[in-house]
Structures are given as structure tokens and as C-alpha cells.
file input08.txt (compact mmCIF, C-alpha atoms)
# COMPACT_ATOMS: atom_id res chain seq x y z
CA MET A 1 32.53 177.27 -31.86
CA THR A 2 34.76 174.23 -31.45
CA THR A 3 37.05 172.97 -34.17
CA ILE A 4 36.37 169.61 -35.78
CA PRO A 5 38.40 166.87 -34.05
CA THR A 6 41.15 165.28 -36.09
CA THR A 7 41.43 162.18 -33.91
CA SER A 8 39.28 159.10 -34.51
CA MET A 9 36.03 158.81 -32.53
CA THR A 10 33.69 155.99 -31.64
CA ALA A 11 29.94 156.38 -32.18
CA SER A 12 29.51 156.90 -28.42
CA GLU A 13 32.17 159.62 -28.30
CA PHE A 14 30.67 161.23 -31.39
CA TRP A 15 27.23 161.33 -29.72
CA ASP A 16 28.65 163.17 -26.72
CA TRP A 17 30.62 165.59 -28.90
CA VAL A 18 27.81 166.59 -31.27
CA HIS A 19 25.51 167.26 -28.32
CA ARG A 20 27.80 169.80 -26.72
CA PRO A 21 26.04 173.22 -26.51
CA GLU A 22 28.49 174.81 -28.95
CA ASN A 23 27.69 172.18 -31.61
CA ARG A 24 23.89 172.03 -31.38
CA ASP A 25 23.28 174.26 -34.43
CA ARG A 26 25.77 172.43 -36.64
CA HIS A 27 25.35 169.21 -38.64
CA PHE A 28 27.87 166.37 -38.57
CA GLU A 29 28.33 162.76 -39.64
CA LEU A 30 30.93 160.23 -38.59
CA GLU A 31 32.81 158.64 -41.49
CA ARG A 32 34.89 155.66 -40.35
CA GLY A 33 35.81 157.44 -37.12
CA LYS A 34 36.35 160.87 -38.68
CA VAL A 35 34.00 163.80 -38.00
CA VAL A 36 32.60 165.43 -41.14
CA GLU A 37 30.52 168.63 -41.09
CA VAL A 38 27.61 168.70 -43.53
CA SER A 39 25.72 171.74 -44.81
CA ARG A 40 22.31 172.90 -43.64
CA PRO A 41 19.74 172.44 -46.45
CA GLY A 42 17.57 175.21 -47.89
CA GLU A 43 13.85 175.92 -48.12
CA LEU A 44 13.16 173.82 -51.24
CA HIS A 45 14.81 170.79 -49.62
CA GLY A 46 12.78 171.28 -46.44
CA VAL A 47 9.42 171.45 -48.22
CA VAL A 48 10.12 168.26 -50.18
CA CYS A 49 11.29 166.45 -47.03
CA LEU A 50 8.10 167.47 -45.21
CA ASN A 51 5.93 166.27 -48.10
CA ALA A 52 7.82 162.95 -48.16
CA GLY A 53 7.37 162.59 -44.42
CA PHE A 54 3.65 163.31 -44.72
CA ILE A 55 3.29 160.71 -47.46
CA LEU A 56 5.08 158.10 -45.34
CA SER A 57 3.13 159.03 -42.21
CA THR A 58 -0.18 158.72 -44.05
CA TYR A 59 0.85 155.36 -45.46
CA ILE A 60 1.86 154.10 -42.01
CA ARG A 61 -1.30 155.28 -40.28
CA GLN A 62 -3.61 153.81 -42.92
CA ARG A 63 -1.98 150.38 -42.93
CA ARG A 64 -1.26 150.44 -39.15
CA LYS A 65 2.22 149.04 -39.57
CA GLY A 66 5.73 150.45 -39.63
CA TYR A 67 7.34 153.70 -38.54
CA ALA A 68 9.53 156.39 -40.09
CA CYS A 69 12.26 158.75 -38.90
CA ALA A 70 13.07 162.23 -40.22
CA ASN A 71 15.45 165.15 -39.52
CA ASP A 72 18.59 163.23 -40.53
CA THR A 73 18.21 160.74 -37.67
CA GLY A 74 21.55 159.00 -37.15
CA ILE A 75 22.11 155.33 -37.93
CA ILE A 76 25.25 153.46 -36.96
CA TRP A 77 26.21 151.72 -40.19
CA GLU A 78 29.69 150.42 -39.34
CA TRP A 79 31.77 149.58 -36.30
CA ASP A 80 35.52 149.75 -35.69
CA PRO A 81 35.97 152.30 -37.14
CA ASP A 82 32.46 153.62 -36.60
CA THR A 83 30.27 155.31 -39.22
CA VAL A 84 27.15 157.32 -38.32
CA LYS A 85 25.08 158.81 -41.14
CA GLY A 86 21.65 160.40 -41.20
CA PRO A 87 19.50 159.98 -44.33
CA ASP A 88 16.82 162.63 -44.81
CA LEU A 89 14.09 160.07 -44.05
CA PHE A 90 13.91 156.33 -43.56
CA PHE A 91 11.20 153.77 -42.97
CA TYR A 92 10.96 150.46 -41.12
CA ASP A 93 8.33 147.93 -42.20
CA LYS A 94 7.81 146.61 -38.69
CA ASN A 95 6.00 147.70 -35.56
CA ARG A 96 7.55 149.23 -32.46
CA THR A 97 5.99 150.82 -29.40
CA PHE A 98 6.80 154.46 -28.68
CA ALA A 99 8.39 153.43 -25.38
CA ASP A 100 10.80 151.10 -27.22
CA LEU A 101 12.19 153.77 -29.56
CA ASN A 102 15.89 154.49 -29.06
CA PRO A 103 16.54 158.02 -27.71
CA LYS A 104 19.95 157.85 -29.38
CA TRP A 105 21.02 156.39 -32.70
CA THR A 106 19.71 153.12 -34.06
CA GLU A 107 21.70 150.23 -35.56
CA ASP A 108 18.78 148.70 -37.47
CA VAL A 109 18.99 148.77 -41.28
CA PRO A 110 15.88 150.50 -42.72
CA THR A 111 13.50 149.00 -45.27
CA LEU A 112 13.51 152.28 -47.22
CA VAL A 113 15.88 155.26 -47.31
CA ILE A 114 14.81 158.57 -48.87
CA GLU A 115 17.40 161.18 -49.81
CA VAL A 116 16.47 164.63 -51.12
CA LEU A 117 19.02 166.21 -53.43
CA SER A 118 20.31 169.64 -52.40
CA PRO A 119 21.64 172.25 -54.87
CA ASN A 120 25.18 171.86 -53.50
CA ASP A 121 25.15 168.05 -53.69
CA ARG A 122 27.44 166.47 -56.28
CA LEU A 123 25.61 163.63 -57.97
CA THR A 124 28.69 161.39 -57.96
CA LYS A 125 29.00 161.82 -54.19
CA VAL A 126 25.28 161.16 -53.66
CA ASN A 127 25.43 158.03 -55.85
CA ARG A 128 28.40 156.81 -53.83
CA ARG A 129 26.44 157.37 -50.63
CA ILE A 130 23.42 155.49 -52.00
CA THR A 131 25.63 152.63 -53.19
CA ARG A 132 26.90 152.29 -49.64
CA PHE A 133 23.35 152.20 -48.27
CA ILE A 134 22.57 149.35 -50.66
CA LYS A 135 25.81 147.59 -49.68
CA TRP A 136 24.86 147.91 -46.00
CA GLY A 137 21.61 146.05 -46.70
CA VAL A 138 18.97 148.69 -47.50
CA PRO A 139 16.66 147.02 -50.05
CA LEU A 140 15.12 150.24 -51.45
CA VAL A 141 16.38 153.83 -51.81
CA TRP A 142 14.56 156.78 -53.35
CA LEU A 143 16.51 159.86 -54.45
CA ILE A 144 14.19 162.86 -54.86
CA ASP A 145 15.44 165.69 -57.07
CA PRO A 146 13.44 168.88 -56.31
CA GLU A 147 14.85 170.85 -59.25
CA GLU A 148 14.18 168.18 -61.88
CA GLN A 149 11.08 166.99 -59.99
CA THR A 150 12.01 163.35 -60.42
CA VAL A 151 12.47 160.31 -58.19
CA THR A 152 15.25 157.82 -58.89
CA ILE A 153 14.75 154.31 -57.52
CA TYR A 154 17.72 152.22 -56.40
CA ARG A 155 17.58 148.51 -55.54
CA PRO A 156 20.22 145.80 -55.07
CA ASP A 157 21.27 144.15 -58.33
CA CYS A 158 19.27 146.64 -60.43
CA GLY A 159 20.18 149.77 -62.33
CA PRO A 160 18.64 153.11 -61.26
CA GLU A 161 15.12 153.83 -62.52
CA VAL A 162 14.10 157.48 -63.01
CA LEU A 163 10.44 158.47 -62.68
CA GLU A 164 9.15 161.81 -63.95
CA ARG A 165 6.71 164.14 -62.23
CA ASP A 166 3.62 162.72 -63.97
CA GLU A 167 4.43 159.06 -63.19
CA GLU A 168 3.36 156.86 -60.30
CA LEU A 169 5.83 155.66 -57.67
CA THR A 170 5.25 152.26 -56.08
CA GLY A 171 7.09 150.25 -53.48
CA GLY A 172 7.63 147.32 -55.85
CA ASN A 173 8.11 144.00 -54.10
CA ILE A 174 9.56 145.73 -51.02
CA LEU A 175 6.48 147.82 -50.15
CA ALA A 176 3.95 146.10 -52.36
CA ASP A 177 0.99 148.16 -51.08
CA PHE A 178 2.57 151.63 -51.46
CA HIS A 179 1.83 154.03 -54.31
CA CYS A 180 1.77 157.79 -54.84
CA HIS A 181 2.34 160.27 -57.64
CA VAL A 182 5.87 161.62 -58.03
CA ALA A 183 4.32 165.11 -58.17
CA ASP A 184 3.04 164.60 -54.59
CA PHE A 185 6.55 165.23 -53.28
CA PHE A 186 6.49 168.72 -54.83
CA TYR A 187 2.95 169.69 -53.79
CA LEU A 188 2.11 173.21 -52.58
CA PRO A 189 -1.58 174.10 -52.09
CA THR A 190 -1.08 177.73 -53.16
CA GLU A 191 -0.17 176.59 -56.69
CA GLY A 192 -3.08 174.20 -57.15
CA ASN A 193 -2.32 170.54 -57.56
CA GLY A 194 -0.39 170.92 -60.82
CA GLY A 195 -1.39 167.41 -61.82
CA ALA A 196 -0.84 166.00 -58.35
CA THR A 197 -3.28 165.14 -55.64
CA PRO A 198 -2.54 166.35 -52.10
CA PRO A 199 0.14 164.06 -50.59
CA ALA A 200 -2.46 162.06 -48.65
CA SER A 201 -2.80 159.99 -51.84
CA SER A 202 -0.21 157.54 -50.51
CA HIS A 203 -2.13 154.53 -49.24
CA PRO A 204 -2.26 150.75 -49.38
CA SER A 205 -3.81 149.37 -52.51
CA THR A 206 -7.28 147.95 -52.21
call {"tool": "encode", "arguments": {"input": "input08.txt", "output": "C-alpha cells"}}
result
Amino acid sequence: MTTIPTTSMTASEFWDWVHRPENRDRHFELERGKVVEVSRPGELHGVVCLNAGFILSTYIRQRRKGYACANDTGIIWEWDPDTVKGPDLFFYDKNRTFADLNPKWTEDVPTLVIEVLSPNDRLTKVNRRITRFIKWGVPLVWLIDPEEQTVTIYRPDCGPEVLERDEELTGGNILADFHCHVADFFYLPTEGNGGATPPASSHPST
């Protein structure tokens, strides 16, 4: 296992470094040129991320527009010094062909960022991260809390809005045709729907 570099890196250098064989099972971000190791999430986090991805994928396929990325896909948010961060999921409200997708990191600012809170996340740190996403031009961020089973909505020039499990989440004026139940993010078929429908309930309004 290599030690984390203390010298500043560019996004290109960071790409090469994180893809060394000895680093492939570790998770890193680049914060203004400095390499930061981040923790691997647990089972609860993974289930919620998969449900969120399914909801987004269903929405995309039904409306035939947009695409989403998962697995902490890297985005270059700043240059000189460079910052590369990977939200849990993010969505673009535009069409691309599969052949045009970037095999490396993208520089495009997403329409929607979804972050799933982990047990070891400090809320102040997460809020700081979300504030930076908004500052960088993301018009809509959802923070999903698996333990509280809530979704907090963040938008530019608006205070956070918390939705409980039994409430409906919409895309507002950013994704005007999106809606699902908050409980859909926490769905497991072995427990029954618990007040939620299966996550396929995300669809354009008719």
C-alpha cells in the first residue's frame, strides 16, 4: 500500500495515481491539489444508493431524456489547484450517446447531485460539501439520511427543506416532471412496502 502523497497534484496526475494497482481498493478525492482518502460506506448506504439509482434510471428511461452516474464518479470542480470529488449519484438533464461518454472524469456541472449520509459523516462537513456544490453551480442537491429516513433538499438562494418518509419528493422547477415517495429510497421487498411503493414509482407526471 502506498502512502498518500503530500505534494500537490493536478487532476491528470491524480487520475494516474488512483489507478495504480496498489490503490484500486481505496477511495480518494482531490481537494485543491491535495489527496484525501475517504472511507468505504456500509451496507445501509449501499442499499439506499442502489434504490436512488433505480429511481433515477426509471425516470430517465420513461421520459427518454437525461443520464445519471453512480459509484462516486469523479467530477473536476476546480482547476489550479484542481479539485476532484465524487458525489454518490448525479444526474444530467440532457442527452448523450453512449459513445460520447467520458471514460475518465467529467467537467460538466450536474443538474442534480444526490448524497447519502453515512454513519461516520459529520453533518457540518456534509453541509459544507453541499454548499460548495451549490456554489459550483449545481441547481439541486438531495441529501438522503438512511437512519432518519428523510431527504433534505438544497437549492441556491433557499434554505434547506426536510421531507419525512411519508412525504412526496418532487423536482420542483428544476425537474418539473419528477416525483417519488421519500420512503422509496428505503424500500426493501422483504419488509413489505411500509407505506412506499416499489421504487419504480418515479416517473414523469401525466
call {"tool": "atom_distance", "arguments": {"input": "input08.txt", "atom1": "CA of Thr170 in chain A", "atom2": "CA of Gly42 in chain A"}}
result
27.3 Å
call {"tool": "closest_residue", "arguments": {"input": "input08.txt", "among": "A:Ala176, A:Leu44, A:Val141, A:Ile60", "to": "Leu89 in chain A", "atoms": "only C-alpha atoms"}}
result
A:Val141
call {"tool": "residues_around", "arguments": {"input": "input08.txt", "residues": "range 49-53 of chain A", "least_positions_apart": "4", "cutoff": "7 Å", "atoms": "only C-alpha atoms", "output": "PyMOL selection string"}}
result
chain A and resi 45+57+116+185+199
call {"tool": "residues_around", "arguments": {"input": "input08.txt", "residues": "Glu115 in chain A", "least_positions_apart": "5", "cutoff": "9 Å", "atoms": "all atoms listed in the file", "output": "PyMOL selection string"}}
result
chain A and resi 49+87-90+126+130+141-145
call {"tool": "closest_residue", "arguments": {"input": "input08.txt", "among": "A:Thr111, A:Gln149, A:Ser39, A:Ser118", "to": "Asp166 in chain A", "atoms": "only C-alpha atoms"}}
result
A:Gln149
call {"tool": "residues_around", "arguments": {"input": "input08.txt", "residues": "range 13-17 of chain A", "least_positions_apart": "3", "cutoff": "8 Å", "atoms": "only C-alpha atoms", "output": "PDB file with C-alpha atoms, in the frame of the given file"}}
result
ATOM      1  CA  MET A   9      36.030 158.810 -32.530  1.00  0.00           C
ATOM      2  CA  THR A  10      33.690 155.990 -31.640  1.00  0.00           C
ATOM      3  CA  ARG A  20      27.800 169.800 -26.720  1.00  0.00           C
ATOM      4  CA  ASN A  23      27.690 172.180 -31.610  1.00  0.00           C
ATOM      5  CA  LEU A  30      30.930 160.230 -38.590  1.00  0.00           C
ATOM      6  CA  VAL A  35      34.000 163.800 -38.000  1.00  0.00           C
TER       7      VAL A  35
END
call {"tool": "atom_distance", "arguments": {"input": "input08.txt", "atom1": "CA of Ile134 in chain A", "atom2": "CA of Arg26 in chain A"}}
result
27.2 Å
call {"tool": "closest_residue", "arguments": {"input": "input08.txt", "among": "A:Thr124, A:Ser8, A:Thr152, A:Thr97", "to": "Pro81 in chain A", "atoms": "all atoms listed in the file"}}
result
A:Ser8
call {"tool": "closest_residue", "arguments": {"input": "input08.txt", "among": "A:Asn120, A:Leu112, A:Thr73, A:Val48", "to": "Ala183 in chain A", "atoms": "all atoms listed in the file"}}
result
A:Val48
call {"tool": "residues_around", "arguments": {"input": "input08.txt", "residues": "Arg64 in chain A", "least_positions_apart": "4", "cutoff": "10 Å", "atoms": "only C-alpha atoms", "output": "mmCIF file with C-alpha atoms, keeping the file's coordinate frame"}}
result
data_model
loop_
_atom_site.group_PDB
_atom_site.id
_atom_site.type_symbol
_atom_site.label_atom_id
_atom_site.label_comp_id
_atom_site.auth_asym_id
_atom_site.auth_seq_id
_atom_site.Cartn_x
_atom_site.Cartn_y
_atom_site.Cartn_z
ATOM 1 C CA THR A 58 -0.180 158.720 -44.050
ATOM 2 C CA TYR A 59 0.850 155.360 -45.460
ATOM 3 C CA ILE A 60 1.860 154.100 -42.010
ATOM 4 C CA LYS A 94 7.810 146.610 -38.690
ATOM 5 C CA ASN A 95 6.000 147.700 -35.560
#
call {"tool": "atom_distance", "arguments": {"input": "input08.txt", "atom1": "CA of Lys125 in chain A", "atom2": "CA of Phe54 in chain A"}}
result
27.1 Å
call {"tool": "closest_residue", "arguments": {"input": "input08.txt", "among": "A:Pro41, A:Pro189, A:Gly33, A:Gly66", "to": "Thr7 in chain A", "atoms": "all atoms listed in the file"}}
result
A:Gly33
call {"tool": "closest_residue", "arguments": {"input": "input08.txt", "among": "A:Glu167, A:Trp77, A:Phe186, A:Lys104", "to": "Gly137 in chain A", "atoms": "all atoms listed in the file"}}
result
A:Trp77
call {"tool": "residues_around", "arguments": {"input": "input08.txt", "residues": "Arg32 in chain A", "least_positions_apart": "5", "cutoff": "8 Å", "atoms": "all atoms listed in the file", "output": "list in words"}}
result
Glu78, Trp79, Asp80, Pro81, Asp82 and Thr83 of chain A
call {"tool": "write_last_selection", "arguments": {"input": "input08.txt", "atoms": "C-alpha atoms", "output": "mmCIF file, in the frame of the given file"}}
result
data_model
loop_
_atom_site.group_PDB
_atom_site.id
_atom_site.type_symbol
_atom_site.label_atom_id
_atom_site.label_comp_id
_atom_site.auth_asym_id
_atom_site.auth_seq_id
_atom_site.Cartn_x
_atom_site.Cartn_y
_atom_site.Cartn_z
ATOM 1 C CA GLU A 78 29.690 150.420 -39.340
ATOM 2 C CA TRP A 79 31.770 149.580 -36.300
ATOM 3 C CA ASP A 80 35.520 149.750 -35.690
ATOM 4 C CA PRO A 81 35.970 152.300 -37.140
ATOM 5 C CA ASP A 82 32.460 153.620 -36.600
ATOM 6 C CA THR A 83 30.270 155.310 -39.220
#
call {"tool": "axis_aligned_box", "arguments": {"input": "input08.txt", "around": "range 33-48 of chain A", "padding_each_side": "3 Å", "output": "AutoDock Vina command-line options"}}
result
--center_x 22.9 --center_y 166.7 --center_z -44.2 --size_x 32.9 --size_y 24.5 --size_z 20.1
